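Colleague: Just dropping this structure here.
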Amino acid sequence: MGALFGKSKKHESRVTEQDRAVLQLKQQRDKLKQYQKKIGIQLEKERQIAKQLLKDGLKDKAKSLLRKKRFQESLLEKTDKQLDGIDQMVTDLEFSQIESKVLQGLKQGNEALNKMHQLMSLEDVEKIMEETQEGIEYQREIDEMLSGSLTEEDELNVLAELDALSAVELPSVPEILLPSVPENLPEKGRSTDQKQAVMAS
């Protein structure tokens, strides 16, 4: 019961300040695009109205409307530049977030590497290498002593025993010879057709 109605622990938000900034910039970009679309529709309407005013002989009104239209077009050009600036800023922020994660990964990697270095010093590594080399040399000495104490006859006996052990582990299967089939059948066993074939040959 207490777990159901008790106060839940607040989890730390994973949204960073950079994330919020990117979101706000993208929202501004979307608003600018909506504004551009709205102005674009309005400019086309005003162009059609100016065309109709010229047909009606109202040249001054058409000229005034076209001036207004030209001013709004210059505003659209400014919004294009603003959109380029926003896109560039979004790209820069997102890239800086990637760089930050890479640097954080490098930092953690360095810390882990330093801990490993603390666990094993250079002296420890040198000692292990020396002990390993000593072990190799000791084994080599034993091998040389053993091989030097055996005569040539002993070596041959060792090889023969090795062959015998191999033969025991892998028993050889005797080859079974089957009788061959006779090529010529006796006269009694041949059929009439076979007799005719023999006579024809």
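Chain labels run A, B, ... following the order of the structure tokens; each chain numbers its residues from 1, and ligands are numbered from 1 in the order shown.
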Using only C-alpha atoms, which protein or nucleic acid residues come within 10 Å of Leu32 in chain A? Drop anything in the same chain fewer than 4 positions from it, and give the result as number ranges by chain.
Modeller: A: 26-28, 36-38, 76, 79-80, 82-83
Colleague: Considering only C-alpha atoms, can you say which of A:Leu53, A:Glu94, A:Lys68, A:Leu58 comes closest to Glu17 in chain A?
Modeller: A:Glu94
Colleague: Contacts of Asp19 in chain A at 10 Å or less, counting only C-alpha atoms, minus same-chain residues fewer than 4 places along, as a list of chain:residue names?
Modeller: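 Counting only the stated atoms, we get A:Arg14, A:Val15, A:Leu23, A:Gln24, A:Leu25, A:Val90, A:Leu93, A:Glu94, A:Gln97.
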Colleague: Store the residues picked out above, limited to all heavy atoms, as a compact mmCIF listing (two decimals), in the first residue's frame.
Modeller:
# COMPACT_ATOMS: atom_id res chain seq x y z
N ARG A 14 16.97 13.41 -18.64
CA ARG A 14 18.07 13.19 -19.56
C ARG A 14 18.15 14.29 -20.61
O ARG A 14 19.05 14.29 -21.45
CB ARG A 14 17.90 11.84 -20.26
CG ARG A 14 18.07 10.66 -19.31
CD ARG A 14 18.02 9.36 -20.06
NE ARG A 14 18.18 8.23 -19.16
CZ ARG A 14 18.15 6.96 -19.54
NH1 ARG A 14 17.97 6.66 -20.80
NH2 ARG A 14 18.32 5.99 -18.66
N VAL A 15 17.18 15.20 -20.59
CA VAL A 15 17.16 16.29 -21.55
C VAL A 15 18.15 17.37 -21.09
O VAL A 15 18.02 17.90 -19.99
CB VAL A 15 15.73 16.89 -21.69
CG1 VAL A 15 15.73 18.04 -22.68
CG2 VAL A 15 14.74 15.82 -22.10
N LEU A 23 15.62 22.03 -29.71
CA LEU A 23 14.16 21.95 -29.88
C LEU A 23 13.56 23.33 -30.16
O LEU A 23 12.73 23.48 -31.06
CB LEU A 23 13.54 21.34 -28.62
CG LEU A 23 12.02 21.17 -28.64
CD1 LEU A 23 11.59 20.22 -29.74
CD2 LEU A 23 11.51 20.68 -27.29
N GLN A 24 13.99 24.34 -29.41
CA GLN A 24 13.47 25.69 -29.62
C GLN A 24 13.83 26.22 -31.01
O GLN A 24 13.00 26.84 -31.69
CB GLN A 24 14.03 26.64 -28.54
CG GLN A 24 13.39 26.41 -27.18
CD GLN A 24 14.03 27.26 -26.10
OE1 GLN A 24 15.00 27.98 -26.35
NE2 GLN A 24 13.51 27.18 -24.88
N LEU A 25 15.05 25.96 -31.43
CA LEU A 25 15.47 26.40 -32.77
C LEU A 25 14.64 25.73 -33.86
O LEU A 25 14.23 26.37 -34.84
CB LEU A 25 16.96 26.10 -32.99
CG LEU A 25 17.94 27.01 -32.25
CD1 LEU A 25 19.34 26.45 -32.32
CD2 LEU A 25 17.91 28.42 -32.85
N VAL A 90 21.52 24.66 -35.49
CA VAL A 90 21.06 23.33 -35.09
C VAL A 90 22.14 22.29 -35.37
O VAL A 90 22.46 21.45 -34.52
CB VAL A 90 19.74 22.95 -35.81
CG1 VAL A 90 19.43 21.47 -35.65
CG2 VAL A 90 18.58 23.78 -35.28
N LEU A 93 25.01 22.71 -32.88
CA LEU A 93 24.66 22.23 -31.54
C LEU A 93 24.65 20.70 -31.50
O LEU A 93 25.18 20.09 -30.55
CB LEU A 93 23.28 22.76 -31.13
CG LEU A 93 23.26 24.15 -30.49
CD1 LEU A 93 21.84 24.66 -30.37
CD2 LEU A 93 23.91 24.12 -29.12
N GLU A 94 24.05 20.08 -32.51
CA GLU A 94 23.99 18.62 -32.54
C GLU A 94 25.39 18.02 -32.64
O GLU A 94 25.69 17.01 -32.01
CB GLU A 94 23.11 18.15 -33.70
CG GLU A 94 21.62 18.41 -33.46
CD GLU A 94 20.74 18.03 -34.63
OE1 GLU A 94 21.25 17.97 -35.77
OE2 GLU A 94 19.54 17.82 -34.40
N GLN A 97 27.12 18.19 -29.35
CA GLN A 97 26.66 17.13 -28.44
C GLN A 97 27.40 15.82 -28.72
O GLN A 97 27.79 15.10 -27.80
CB GLN A 97 25.15 16.91 -28.61
CG GLN A 97 24.30 18.01 -27.98
CD GLN A 97 22.83 17.77 -28.21
OE1 GLN A 97 22.38 17.59 -29.33
NE2 GLN A 97 22.05 17.77 -27.15
Colleague: So which one's closest to Leu43 in chain A, A:Leu122, A:Leu66, A:Leu156, A:Ala112? Using only C-alpha atoms, please.
Modeller: A:Leu66
